[in-house]
Every structure is written in C-alpha cells, then in structure tokens.
$ cat entry-v2.cif   # mmCIF, C-alpha atoms and all ligand atoms
data_upload
loop_
_atom_site.group_PDB
_atom_site.id
_atom_site.type_symbol
_atom_site.label_atom_id
_atom_site.label_comp_id
_atom_site.auth_asym_id
_atom_site.auth_seq_id
_atom_site.Cartn_x
_atom_site.Cartn_y
_atom_site.Cartn_z
ATOM 1 C CA MET A 1 -36.298 4.782 -54.204
ATOM 2 C CA LYS A 2 -35.355 4.671 -50.523
ATOM 3 C CA GLN A 3 -38.045 3.026 -48.421
ATOM 4 C CA SER A 4 -38.716 4.561 -45.039
ATOM 5 C CA VAL A 5 -40.721 1.820 -43.297
ATOM 6 C CA LYS A 6 -38.541 -1.287 -43.108
ATOM 7 C CA LEU A 7 -40.068 -4.748 -42.859
ATOM 8 C CA ILE A 8 -37.906 -7.232 -40.952
ATOM 9 C CA VAL A 9 -39.109 -10.836 -41.241
ATOM 10 C CA GLY A 10 -37.758 -13.852 -39.384
ATOM 11 C CA ASN A 11 -38.065 -17.199 -41.178
ATOM 12 C CA TRP A 12 -37.646 -20.016 -38.674
ATOM 13 C CA LYS A 13 -37.801 -22.620 -41.476
ATOM 14 C CA MET A 14 -38.112 -26.178 -40.070
ATOM 15 C CA HIS A 15 -36.769 -25.140 -36.675
ATOM 16 C CA GLY A 16 -38.764 -24.789 -33.519
ATOM 17 C CA VAL A 17 -40.907 -26.721 -31.084
ATOM 18 C CA ALA A 18 -43.050 -25.259 -28.319
ATOM 19 C CA ALA A 19 -40.031 -24.774 -26.023
ATOM 20 C CA ASP A 20 -38.513 -22.389 -28.579
ATOM 21 C CA LEU A 21 -41.385 -19.962 -28.146
ATOM 22 C CA VAL A 22 -39.223 -18.597 -25.348
ATOM 23 C CA GLU A 23 -37.344 -16.749 -28.134
ATOM 24 C CA ALA A 24 -40.556 -15.121 -29.378
ATOM 25 C CA ARG A 25 -41.356 -14.132 -25.780
ATOM 26 C CA ALA A 26 -37.896 -12.633 -25.320
ATOM 27 C CA LEU A 27 -38.287 -10.710 -28.548
ATOM 28 C CA ILE A 28 -41.653 -9.266 -27.647
ATOM 29 C CA GLU A 29 -40.295 -8.102 -24.308
ATOM 30 C CA SER A 30 -37.415 -6.272 -25.978
ATOM 31 C CA VAL A 31 -38.848 -4.480 -28.999
ATOM 32 C CA HIS A 32 -40.235 -1.493 -27.115
ATOM 33 C CA ASP A 33 -37.378 0.816 -28.091
ATOM 34 C CA VAL A 34 -37.462 -0.143 -31.779
ATOM 35 C CA ARG A 35 -38.649 2.716 -34.004
ATOM 36 C CA ALA A 36 -42.380 2.646 -34.434
ATOM 37 C CA ASP A 37 -42.273 2.711 -38.233
ATOM 38 C CA CYS A 38 -40.319 -0.555 -38.432
ATOM 39 C CA ARG A 39 -42.492 -3.599 -39.081
ATOM 40 C CA ILE A 40 -41.409 -6.903 -37.555
ATOM 41 C CA ALA A 41 -42.743 -10.380 -38.376
ATOM 42 C CA LEU A 42 -41.957 -13.941 -37.378
ATOM 43 C CA CYS A 43 -42.722 -16.945 -39.591
ATOM 44 C CA PRO A 44 -42.577 -20.117 -37.468
ATOM 45 C CA PRO A 45 -43.221 -23.645 -38.724
ATOM 46 C CA ALA A 46 -46.947 -24.209 -39.325
ATOM 47 C CA THR A 47 -47.292 -26.305 -36.172
ATOM 48 C CA LEU A 48 -46.322 -23.333 -33.993
ATOM 49 C CA THR A 49 -48.414 -20.661 -35.705
ATOM 50 C CA ASP A 50 -51.410 -20.771 -33.389
ATOM 51 C CA ARG A 51 -49.282 -20.969 -30.240
ATOM 52 C CA MET A 52 -47.103 -18.129 -31.443
ATOM 53 C CA ARG A 53 -50.240 -16.082 -32.031
ATOM 54 C CA GLN A 54 -50.944 -16.407 -28.315
ATOM 55 C CA VAL A 55 -47.399 -15.311 -27.443
ATOM 56 C CA LEU A 56 -47.513 -12.304 -29.783
ATOM 57 C CA ALA A 57 -51.092 -11.273 -28.953
ATOM 58 C CA GLY A 58 -51.494 -7.545 -28.492
ATOM 59 C CA GLY A 59 -47.878 -6.793 -29.411
ATOM 60 C CA ARG A 60 -46.332 -5.229 -32.500
ATOM 61 C CA ILE A 61 -44.807 -8.390 -33.969
ATOM 62 C CA GLU A 62 -46.743 -9.772 -36.915
ATOM 63 C CA LEU A 63 -47.162 -13.470 -37.664
ATOM 64 C CA GLY A 64 -46.550 -15.197 -40.967
ATOM 65 C CA GLY A 65 -46.557 -18.598 -42.639
ATOM 66 C CA GLN A 66 -43.668 -20.042 -44.642
ATOM 67 C CA ASP A 67 -45.742 -21.352 -47.556
ATOM 68 C CA CYS A 68 -49.317 -22.189 -48.481
ATOM 69 C CA HIS A 69 -51.012 -24.403 -51.029
ATOM 70 C CA GLN A 70 -52.647 -22.737 -54.007
ATOM 71 C CA ALA A 71 -55.926 -24.644 -53.541
ATOM 72 C CA PRO A 72 -58.417 -23.558 -50.876
ATOM 73 C CA SER A 73 -58.843 -27.143 -49.616
ATOM 74 C CA GLY A 74 -58.767 -30.704 -50.899
ATOM 75 C CA ALA A 75 -56.773 -33.885 -51.280
ATOM 76 C CA CYS A 76 -53.328 -32.373 -50.677
ATOM 77 C CA THR A 77 -51.804 -34.468 -47.903
ATOM 78 C CA GLY A 78 -49.357 -32.557 -45.772
ATOM 79 C CA SER A 79 -50.186 -29.127 -47.186
ATOM 80 C CA VAL A 80 -51.539 -26.043 -45.479
ATOM 81 C CA SER A 81 -53.988 -23.703 -47.211
ATOM 82 C CA ALA A 82 -53.916 -19.920 -47.057
ATOM 83 C CA GLU A 83 -57.171 -19.924 -45.125
ATOM 84 C CA MET A 84 -55.669 -22.320 -42.544
ATOM 85 C CA LEU A 85 -52.817 -19.879 -41.978
ATOM 86 C CA VAL A 86 -55.287 -17.055 -41.415
ATOM 87 C CA ASP A 87 -57.251 -19.321 -39.084
ATOM 88 C CA ALA A 88 -54.064 -19.902 -37.061
ATOM 89 C CA GLY A 89 -53.384 -16.173 -36.808
ATOM 90 C CA ALA A 90 -51.060 -15.378 -39.721
ATOM 91 C CA THR A 91 -51.326 -12.108 -41.630
ATOM 92 C CA LEU A 92 -48.364 -12.647 -43.967
ATOM 93 C CA VAL A 93 -46.954 -15.581 -45.898
ATOM 94 C CA ILE A 94 -43.561 -16.278 -47.498
ATOM 95 C CA LEU A 95 -44.032 -17.725 -51.002
ATOM 96 C CA GLY A 96 -41.595 -19.105 -53.562
ATOM 97 C CA HIS A 97 -38.663 -19.446 -51.152
ATOM 98 C CA SER A 98 -35.702 -20.916 -53.027
ATOM 99 C CA GLU A 99 -35.787 -23.960 -50.730
ATOM 100 C CA ARG A 100 -39.268 -24.666 -52.101
ATOM 101 C CA ARG A 101 -38.401 -23.779 -55.684
ATOM 102 C CA GLY A 102 -35.333 -26.036 -55.432
ATOM 103 C CA ALA A 103 -36.408 -28.995 -53.299
ATOM 104 C CA PHE A 104 -40.079 -29.073 -54.335
ATOM 105 C CA GLY A 105 -39.706 -27.870 -57.919
ATOM 106 C CA GLU A 106 -42.037 -24.901 -57.469
ATOM 107 C CA THR A 107 -42.410 -22.934 -60.692
ATOM 108 C CA ASN A 108 -43.179 -19.249 -61.149
ATOM 109 C CA GLU A 109 -46.703 -20.257 -62.219
ATOM 110 C CA GLU A 110 -47.278 -22.171 -58.979
ATOM 111 C CA VAL A 111 -45.899 -19.315 -56.919
ATOM 112 C CA SER A 112 -48.216 -16.914 -58.735
ATOM 113 C CA ALA A 113 -51.187 -19.218 -58.023
ATOM 114 C CA LYS A 114 -50.182 -19.296 -54.339
ATOM 115 C CA VAL A 115 -50.027 -15.500 -54.356
ATOM 116 C CA GLU A 116 -53.606 -15.410 -55.686
ATOM 117 C CA ALA A 117 -54.695 -17.863 -52.985
ATOM 118 C CA ALA A 118 -53.004 -15.791 -50.291
ATOM 119 C CA ILE A 119 -54.499 -12.457 -51.288
ATOM 120 C CA ALA A 120 -57.934 -14.051 -51.673
ATOM 121 C CA VAL A 121 -57.971 -14.574 -47.895
ATOM 122 C CA GLY A 122 -56.249 -11.309 -47.011
ATOM 123 C CA LEU A 123 -52.701 -12.559 -46.436
ATOM 124 C CA GLU A 124 -49.800 -10.272 -47.377
ATOM 125 C CA PRO A 125 -47.452 -12.298 -49.597
ATOM 126 C CA ILE A 126 -43.670 -12.017 -49.433
ATOM 127 C CA VAL A 127 -42.588 -13.354 -52.822
ATOM 128 C CA CYS A 128 -39.021 -14.693 -52.924
ATOM 129 C CA VAL A 129 -36.722 -14.600 -55.944
ATOM 130 C CA GLY A 130 -33.014 -15.176 -56.374
ATOM 131 C CA GLU A 131 -30.311 -16.492 -58.661
ATOM 132 C CA THR A 132 -28.018 -19.489 -58.187
ATOM 133 C CA LEU A 133 -24.242 -19.053 -58.014
ATOM 134 C CA GLU A 134 -23.934 -20.500 -61.509
ATOM 135 C CA GLN A 135 -26.393 -17.939 -62.848
ATOM 136 C CA ARG A 136 -24.583 -15.079 -61.099
ATOM 137 C CA GLU A 137 -21.227 -16.202 -62.445
ATOM 138 C CA ALA A 138 -22.743 -16.302 -65.930
ATOM 139 C CA GLY A 139 -23.784 -12.639 -65.527
ATOM 140 C CA GLN A 140 -27.479 -13.564 -65.482
ATOM 141 C CA ALA A 141 -28.493 -12.508 -61.966
ATOM 142 C CA ALA A 142 -30.608 -9.472 -62.889
ATOM 143 C CA ALA A 143 -32.243 -11.216 -65.853
ATOM 144 C CA ILE A 144 -33.113 -14.387 -63.898
ATOM 145 C CA VAL A 145 -34.491 -12.473 -60.959
ATOM 146 C CA SER A 146 -36.495 -10.120 -63.210
ATOM 147 C CA ALA A 147 -38.077 -13.106 -64.974
ATOM 148 C CA GLN A 148 -38.953 -14.673 -61.610
ATOM 149 C CA VAL A 149 -40.580 -11.434 -60.462
ATOM 150 C CA GLU A 150 -42.638 -11.072 -63.630
ATOM 151 C CA GLY A 151 -43.670 -14.747 -63.546
ATOM 152 C CA SER A 152 -44.421 -15.023 -59.838
ATOM 153 C CA LEU A 153 -46.440 -11.901 -59.134
ATOM 154 C CA ALA A 154 -50.185 -12.018 -59.678
ATOM 155 C CA ASP A 155 -52.540 -9.382 -61.114
ATOM 156 C CA GLY A 156 -54.424 -8.869 -57.859
ATOM 157 C CA LEU A 157 -51.292 -7.558 -56.133
ATOM 158 C CA SER A 158 -51.634 -4.112 -57.665
ATOM 159 C CA GLU A 159 -54.462 -3.551 -55.173
ATOM 160 C CA ARG A 160 -52.923 -5.279 -52.162
ATOM 161 C CA PRO A 161 -49.995 -4.996 -49.754
ATOM 162 C CA PHE A 162 -47.122 -7.332 -50.608
ATOM 163 C CA ALA A 163 -43.344 -7.521 -50.612
ATOM 164 C CA VAL A 164 -40.701 -9.101 -52.807
ATOM 165 C CA ALA A 165 -37.622 -10.648 -51.177
ATOM 166 C CA TYR A 166 -34.408 -10.818 -53.188
ATOM 167 C CA GLU A 167 -32.537 -13.824 -51.828
ATOM 168 C CA PRO A 168 -29.514 -15.028 -53.813
ATOM 169 C CA VAL A 169 -29.636 -18.830 -53.457
ATOM 170 C CA TRP A 170 -25.882 -18.954 -52.857
ATOM 171 C CA ALA A 171 -26.166 -16.515 -49.947
ATOM 172 C CA ILE A 172 -28.821 -18.410 -47.988
ATOM 173 C CA GLY A 173 -27.351 -20.072 -44.918
ATOM 174 C CA THR A 174 -23.794 -19.819 -46.248
ATOM 175 C CA GLY A 175 -22.441 -16.706 -44.555
ATOM 176 C CA LEU A 176 -21.802 -15.256 -48.024
ATOM 177 C CA THR A 177 -23.454 -12.039 -49.198
ATOM 178 C CA PRO A 178 -23.329 -10.079 -52.446
ATOM 179 C CA SER A 179 -21.512 -6.738 -52.380
ATOM 180 C CA LEU A 180 -23.640 -3.718 -51.548
ATOM 181 C CA GLU A 181 -23.334 -2.655 -55.206
ATOM 182 C CA GLN A 182 -24.612 -6.050 -56.353
ATOM 183 C CA ILE A 183 -27.548 -5.821 -53.936
ATOM 184 C CA ALA A 184 -28.390 -2.318 -55.207
ATOM 185 C CA GLU A 185 -28.152 -3.441 -58.828
ATOM 186 C CA VAL A 186 -30.494 -6.420 -58.403
ATOM 187 C CA HIS A 187 -32.948 -4.472 -56.241
ATOM 188 C CA ALA A 188 -33.200 -1.863 -59.001
ATOM 189 C CA ALA A 189 -33.859 -4.649 -61.531
ATOM 190 C CA VAL A 190 -36.502 -6.143 -59.221
ATOM 191 C CA ARG A 191 -38.236 -2.766 -58.913
ATOM 192 C CA SER A 192 -38.285 -2.334 -62.695
ATOM 193 C CA ALA A 193 -39.710 -5.841 -63.157
ATOM 194 C CA MET A 194 -42.382 -5.182 -60.517
ATOM 195 C CA ILE A 195 -43.437 -1.997 -62.341
ATOM 196 C CA ARG A 196 -43.461 -3.775 -65.709
ATOM 197 C CA ARG A 197 -45.685 -6.478 -64.217
ATOM 198 C CA LEU A 198 -48.040 -4.407 -62.049
ATOM 199 C CA GLY A 199 -47.636 -0.797 -63.089
ATOM 200 C CA GLN A 200 -46.829 2.173 -60.863
ATOM 201 C CA ALA A 201 -48.737 0.615 -57.924
ATOM 202 C CA ALA A 202 -45.698 -1.623 -57.479
ATOM 203 C CA ARG A 203 -43.590 1.333 -56.327
ATOM 204 C CA ARG A 204 -44.979 1.187 -52.799
ATOM 205 C CA ALA A 205 -44.179 -2.494 -52.117
ATOM 206 C CA PRO A 206 -40.934 -3.046 -50.195
ATOM 207 C CA ILE A 207 -38.133 -5.168 -51.639
ATOM 208 C CA LEU A 208 -36.440 -7.108 -48.855
ATOM 209 C CA TYR A 209 -32.935 -8.521 -49.008
ATOM 210 C CA GLY A 210 -32.371 -12.042 -47.659
ATOM 211 C CA GLY A 211 -29.300 -14.270 -47.447
ATOM 212 C CA SER A 212 -26.943 -14.420 -44.449
ATOM 213 C CA VAL A 213 -28.187 -11.188 -42.869
ATOM 214 C CA LYS A 214 -26.481 -11.063 -39.463
ATOM 215 C CA PRO A 215 -26.179 -8.513 -36.655
ATOM 216 C CA ASP A 216 -22.815 -7.357 -38.031
ATOM 217 C CA ASN A 217 -23.889 -6.736 -41.638
ATOM 218 C CA ALA A 218 -27.531 -5.692 -41.194
ATOM 219 C CA ALA A 219 -26.966 -1.933 -40.932
ATOM 220 C CA GLU A 220 -24.973 -1.638 -44.154
ATOM 221 C CA ILE A 221 -27.338 -3.894 -46.109
ATOM 222 C CA LEU A 222 -30.427 -2.099 -44.809
ATOM 223 C CA GLY A 223 -28.795 1.197 -45.764
ATOM 224 C CA VAL A 224 -28.649 0.291 -49.457
ATOM 225 C CA SER A 225 -31.027 2.259 -51.655
ATOM 226 C CA GLU A 226 -34.153 0.195 -52.476
ATOM 227 C CA VAL A 227 -33.566 -2.269 -49.605
ATOM 228 C CA GLY A 228 -36.887 -2.046 -47.813
ATOM 229 C CA GLY A 229 -36.195 -4.636 -45.159
ATOM 230 C CA ALA A 230 -34.710 -8.065 -44.559
ATOM 231 C CA LEU A 231 -35.786 -11.684 -44.650
ATOM 232 C CA VAL A 232 -33.702 -13.391 -41.987
ATOM 233 C CA GLY A 233 -33.272 -17.135 -41.548
ATOM 234 C CA GLY A 234 -30.665 -18.432 -39.100
ATOM 235 C CA ALA A 235 -30.205 -15.153 -37.246
ATOM 236 C CA SER A 236 -33.926 -14.948 -36.444
ATOM 237 C CA LEU A 237 -33.842 -18.054 -34.254
ATOM 238 C CA LYS A 238 -32.212 -16.271 -31.327
ATOM 239 C CA ALA A 239 -34.061 -13.209 -30.059
ATOM 240 C CA GLU A 240 -30.791 -11.485 -29.180
ATOM 241 C CA ASP A 241 -29.457 -11.702 -32.762
ATOM 242 C CA PHE A 242 -32.758 -10.884 -34.413
ATOM 243 C CA LEU A 243 -33.183 -7.865 -32.169
ATOM 244 C CA LYS A 244 -29.795 -6.498 -33.230
ATOM 245 C CA ILE A 245 -30.896 -6.770 -36.868
ATOM 246 C CA ILE A 246 -34.224 -5.097 -36.099
ATOM 247 C CA ARG A 247 -32.428 -2.264 -34.330
ATOM 248 C CA ALA A 248 -30.262 -1.736 -37.422
ATOM 249 C CA ALA A 249 -33.370 -1.013 -39.515
HETATM 250 C C1 LIG B 301 -33.892 -17.465 -45.575
HETATM 251 O O1 LIG B 301 -34.159 -18.570 -45.159
HETATM 252 O O2 LIG B 301 -34.745 -16.852 -46.219
HETATM 253 C C2 LIG B 301 -32.583 -16.904 -45.291
HETATM 254 C C3 LIG B 301 -32.290 -15.742 -45.792
HETATM 255 O O3 LIG B 301 -31.731 -17.639 -44.500
HETATM 256 P P1 LIG B 301 -30.349 -17.139 -43.826
HETATM 257 O O4 LIG B 301 -30.606 -15.778 -43.219
HETATM 258 O O5 LIG B 301 -30.035 -18.165 -42.800
HETATM 259 O O6 LIG B 301 -29.321 -17.058 -44.909
#

$ encode --input "entry-v2.cif" --output "structure tokens"
Amino acid sequence: MKQSVKLIVGNWKMHGVAADLVEARALIESVHDVRADCRIALCPPATLTDRMRQVLAGGRIELGGQDCHQAPSGACTGSVSAEMLVDAGATLVILGHSERRGAFGETNEEVSAKVEAAIAVGLEPIVCVGETLEQREAGQAAAIVSAQVEGSLADGLSERPFAVAYEPVWAIGTGLTPSLEQIAEVHAAVRSAMIRRLGQAARRAPILYGGSVKPDNAAEILGVSEVGGALVGGASLKAEDFLKIIRAA
C-alpha cells in the first residue's frame, strides 16, 4: 500500500547542546514550501526537549523523545518517563532503536511495555525494528524483523496513532543502504506482521525506513511502495540536509 502522508523524523541521538538549536530555527524558517500533507518531527536529546518546544512553538514541526522508561515514575536513575516527555512538549517518541536494543539489551517485551507507557500519556510511538548484517546474510531479515514487530507492538496501538521504523542495524550511520527491492520486501513483511499483531487497524500506520537516508538517496527510498516516511539520524543534524530530505517526501 502506498502511503500518501509521509512522516519524516529527525533523530539527533546524543548530539546537541543549546547552541545547536540554531539548526531547528533554520529548519522552521525554511519549511514553508514543503507540501502540507508531509509531517515533520525532530527528536532532540531529552535535555533540549523543552527548549526546542519553545523554538518550534506555533510551527508545523512536531517534537519527539528518543526513548522513555516503561514505568510512570520511580527509582530509575537517569531515565525519563513518558509523562516527562509530554511535560517537556513531546508528542511522539522513538522506542526500541537498535542502539538501545544493542547497547542496553532492550528486549521486545520491554519495548512493548514502553509502547504501553507512551500511549497511556498520549504519545505517538515510533517503534524501531531491524536486522543485523549477520542475520541479513543468513537470509533471516524478514523473519527477524517480523518477530520484532509482533513482539514489540502493544494491544492498545490498534486504537492509537503510531509508526514502525524499519532500520537495518548495518545501515545505521554507515552510509550503506539495502537495495530498493530489499526495502520493499522487508516493508511488506513488516506490514503483514503488523496486521497479524493488531488486525486491519494496522494498515493505516506508516512504516518508515531508516538507515543512512541522505539528501541524494531520499527521493528513491521514499518512492518505494510501503515506505511511509524516513527516520533520519546524521542527516537531520544540519537543517540544510534535513530540508532536502523533507522536500523529497
Ligand atoms: C537512526 O539513528 O535512526 C539512523 C537512521 O541514523 P543514520 O540516518 O545516521 O543512519
């Protein structure tokens, strides 16, 4: 299914101090000519969320978090709850990014619990899945990603807005991307897994592609059937690059 409204999300990861808000300001000043049915979001580090809210106020760029804890509050030093993100101005949240699954050992069950926590406070989750290079070379990409989708989504999503982001681990930050055929194949598998997990309601949720999306490959990737948007890391840090990707949507 070809999605019409694309969702383009910038993930700043652990980059950005207050001085870098100049990039968010530059972006907001330049998005006026971008088609109205394209959604744009920025996910800064948690420390910048509230200040970025002030920069984006009244504009069309949405604000997201990069993760949240599954508990509403408690003895979880260093963590940020879903409610705290909402309090700081976020309306979306990235969950289950491969950097968290890899470095912090996040399981599908934990991601699913975070999804529940996010939707309980009205956040729109962007649930990330993706195979490692080893898994792709073993011919397991679609199966691994399908299992992640089925394990990471939560029942409540059938009633709520959400997105899934297909991000091959080997494509993140490497400059490598799958072929357009490989992207189409995995996106179709993701859609099937979403429908198996949540029923027909899952047809309306966009499936984003993420992994080395750049100004020069964005148009062809965003043109693939079932690619409903992009999750962009490195190329979202500079407004000029991110804008080129947004304009390709
Ligand atoms: C990401 O962090 O989700 C990502 C896709 O990074 P990059 O665009 O830098 O590969």

$ closest_residue --input "entry-v2.cif" --among "A:Leu95, A:Val186, A:Leu7, A:Leu123" --to "ligand LIG 301 (chain B)" --atoms "only C-alpha atoms and all ligand atoms"
A:Leu95

$ residues_near_ligand --input "entry-v2.cif" --ligand "ligand LIG 301 (chain B)" --cutoff "9 Å" --atoms "only C-alpha atoms and all ligand atoms" --output "PyMOL selection string"
chain A and resi 9-13+94+97-99+128+165+167-177+209-214+230-236

$ atom_distance --input "entry-v2.cif" --atom1 "atom CA of Val227 of chain A" --atom2 "atom CA of Ile126 of chain A"
14.0 Å

$ atom_distance --input "entry-v2.cif" --atom1 "atom CA of Asp33 of chain A" --atom2 "atom CA of Arg247 of chain A"
8.5 Å

$ residues_around --input "entry-v2.cif" --residues "His187 of chain A" --least-positions-apart "3" --cutoff "12 Å" --atoms "all atoms listed in the file" --output "PyMOL selection string"
chain A and resi 1-3+129-130+141-143+145-146+149+164-168+178+180-184+190-194+206-210+221-222+224-229

$ closest_residue --input "entry-v2.cif" --among "A:Leu63, A:Leu243, A:Cys43, A:Ala205" --to "Lys6 of chain A" --atoms "all atoms listed in the file"
A:Ala205

$ closest_residue --input "entry-v2.cif" --among "A:Gly65, A:Gly199, A:Gly102, A:Pro72" --to "Leu85 of chain A" --atoms "all atoms listed in the file"
A:Gly65

$ atom_distance --input "entry-v2.cif" --atom1 "atom CA of Glu134 of chain A" --atom2 "atom CA of Gln66 of chain A"
26.0 Å

$ resolve_selection --input "entry-v2.cif" --expression "the PyMOL selection byres (((chain A and resi 110) around 12) and not hetatm)" --output "PyMOL selection string"
chain A and resi 67-71+95-97+100-101+104-109+111-117+127+148+151-154

$ axis_aligned_box --input "entry-v2.cif" --around "segment 93-101 of chain A" --padding-each-side "8 Å" --output "JSON"
{"center_x": -41.3, "center_y": -20.1, "center_z": -50.8, "size_x": 27.3, "size_y": 25.1, "size_z": 25.8}

$ resolve_selection --input "entry-v2.cif" --expression "the PyMOL selection byres (((chain A and resi 47) around 12) and not hetatm)" --output "list of chain:residue names"
A:Trp12, A:Lys13, A:Met14, A:His15, A:Gly16, A:Val17, A:Ala18, A:Leu21, A:Cys43, A:Pro44, A:Pro45, A:Ala46, A:Leu48, A:Thr49, A:Asp50, A:Arg51, A:Met52, A:Arg53, A:Gly65, A:Gln66, A:Gly78, A:Ser79, A:Val80, A:Met84, A:Leu85, A:Ala88, A:Gly89

$ resolve_selection --input "entry-v2.cif" --expression "the PyMOL selection byres (((chain A and resi 35) around 10) and not hetatm)" --output "PDB file with C-alpha atoms, keeping the file's coordinate frame"
ATOM      1  CA  VAL A   5     -40.721   1.820 -43.297  1.00  0.00           C
ATOM      2  CA  LYS A   6     -38.541  -1.287 -43.108  1.00  0.00           C
ATOM      3  CA  VAL A  31     -38.848  -4.480 -28.999  1.00  0.00           C
ATOM      4  CA  HIS A  32     -40.235  -1.493 -27.115  1.00  0.00           C
ATOM      5  CA  ASP A  33     -37.378   0.816 -28.091  1.00  0.00           C
ATOM      6  CA  VAL A  34     -37.462  -0.143 -31.779  1.00  0.00           C
ATOM      7  CA  ALA A  36     -42.380   2.646 -34.434  1.00  0.00           C
ATOM      8  CA  ASP A  37     -42.273   2.711 -38.233  1.00  0.00           C
ATOM      9  CA  CYS A  38     -40.319  -0.555 -38.432  1.00  0.00           C
ATOM     10  CA  ARG A  39     -42.492  -3.599 -39.081  1.00  0.00           C
ATOM     11  CA  ILE A 246     -34.224  -5.097 -36.099  1.00  0.00           C
ATOM     12  CA  ARG A 247     -32.428  -2.264 -34.330  1.00  0.00           C
ATOM     13  CA  ALA A 249     -33.370  -1.013 -39.515  1.00  0.00           C
TER      14      ALA A 249
END

$ residues_near_point --input "entry-v2.cif" --point "(-58.2, -12.4, -47.6)" --cutoff "10 Å" --atoms "all atoms listed in the file" --output "PyMOL selection string"
chain A and resi 82-83+86+91+116-124+160

$ closest_residue --input "entry-v2.cif" --among "A:Ile40, A:Leu237, A:Ala75, A:Ala201" --to "Gly156 of chain A" --atoms "all atoms listed in the file"
A:Ala201

$ closest_residue --input "entry-v2.cif" --among "A:Pro215, A:Glu220, A:Glu185, A:Ala147" --to "Phe242 of chain A" --atoms "all atoms listed in the file"
A:Pro215

$ decode --input "entry-v2.cif" --residues "segment 180-196 of chain A" --atoms "N, CA and C atoms" --output "mmCIF file, in the first residue's frame"
data_model
loop_
_atom_site.group_PDB
_atom_site.id
_atom_site.type_symbol
_atom_site.label_atom_id
_atom_site.label_comp_id
_atom_site.auth_asym_id
_atom_site.auth_seq_id
_atom_site.Cartn_x
_atom_site.Cartn_y
_atom_site.Cartn_z
ATOM 1 N N LEU A 180 16.563 -1.042 -3.171
ATOM 2 C CA LEU A 180 15.152 -0.653 -3.086
ATOM 3 C C LEU A 180 14.264 -1.895 -3.021
ATOM 4 N N GLU A 181 14.666 -2.959 -3.700
ATOM 5 C CA GLU A 181 13.898 -4.215 -3.668
ATOM 6 C C GLU A 181 13.923 -4.804 -2.254
ATOM 7 N N GLN A 182 15.087 -4.740 -1.617
ATOM 8 C CA GLN A 182 15.184 -5.282 -0.250
ATOM 9 C C GLN A 182 14.321 -4.458 0.713
ATOM 10 N N ILE A 183 14.326 -3.140 0.518
ATOM 11 C CA ILE A 183 13.488 -2.286 1.382
ATOM 12 C C ILE A 183 12.020 -2.654 1.178
ATOM 13 N N ALA A 184 11.609 -2.783 -0.085
ATOM 14 C CA ALA A 184 10.202 -3.119 -0.380
ATOM 15 C C ALA A 184 9.825 -4.463 0.228
ATOM 16 N N GLU A 185 10.733 -5.419 0.126
ATOM 17 C CA GLU A 185 10.444 -6.773 0.631
ATOM 18 C C GLU A 185 10.243 -6.754 2.153
ATOM 19 N N VAL A 186 11.143 -6.055 2.861
ATOM 20 C CA VAL A 186 11.018 -6.053 4.331
ATOM 21 C C VAL A 186 9.818 -5.211 4.763
ATOM 22 N N HIS A 187 9.566 -4.107 4.064
ATOM 23 C CA HIS A 187 8.395 -3.297 4.435
ATOM 24 C C HIS A 187 7.107 -4.105 4.267
ATOM 25 N N ALA A 188 7.044 -4.925 3.236
ATOM 26 C CA ALA A 188 5.849 -5.766 3.053
ATOM 27 C C ALA A 188 5.734 -6.768 4.199
ATOM 28 N N ALA A 189 6.873 -7.324 4.629
ATOM 29 C CA ALA A 189 6.860 -8.272 5.753
ATOM 30 C C ALA A 189 6.445 -7.562 7.048
ATOM 31 N N VAL A 190 6.923 -6.332 7.220
ATOM 32 C CA VAL A 190 6.553 -5.554 8.412
ATOM 33 C C VAL A 190 5.048 -5.312 8.413
ATOM 34 N N ARG A 191 4.506 -4.932 7.252
ATOM 35 C CA ARG A 191 3.055 -4.667 7.196
ATOM 36 C C ARG A 191 2.275 -5.936 7.563
ATOM 37 N N SER A 192 2.687 -7.061 7.019
ATOM 38 C CA SER A 192 1.977 -8.317 7.322
ATOM 39 C C SER A 192 2.043 -8.622 8.819
ATOM 40 N N ALA A 193 3.226 -8.415 9.414
ATOM 41 C CA ALA A 193 3.375 -8.691 10.851
ATOM 42 C C ALA A 193 2.517 -7.735 11.683
ATOM 43 N N MET A 194 2.446 -6.483 11.248
ATOM 44 C CA MET A 194 1.601 -5.506 11.970
ATOM 45 C C MET A 194 0.137 -5.947 11.940
ATOM 46 N N ILE A 195 -0.311 -6.437 10.779
ATOM 47 C CA ILE A 195 -1.715 -6.854 10.640
ATOM 48 C C ILE A 195 -1.965 -8.124 11.455
ATOM 49 N N ARG A 196 -0.988 -9.040 11.443
ATOM 50 C CA ARG A 196 -1.142 -10.247 12.271
ATOM 51 C C ARG A 196 -1.279 -9.869 13.744
#
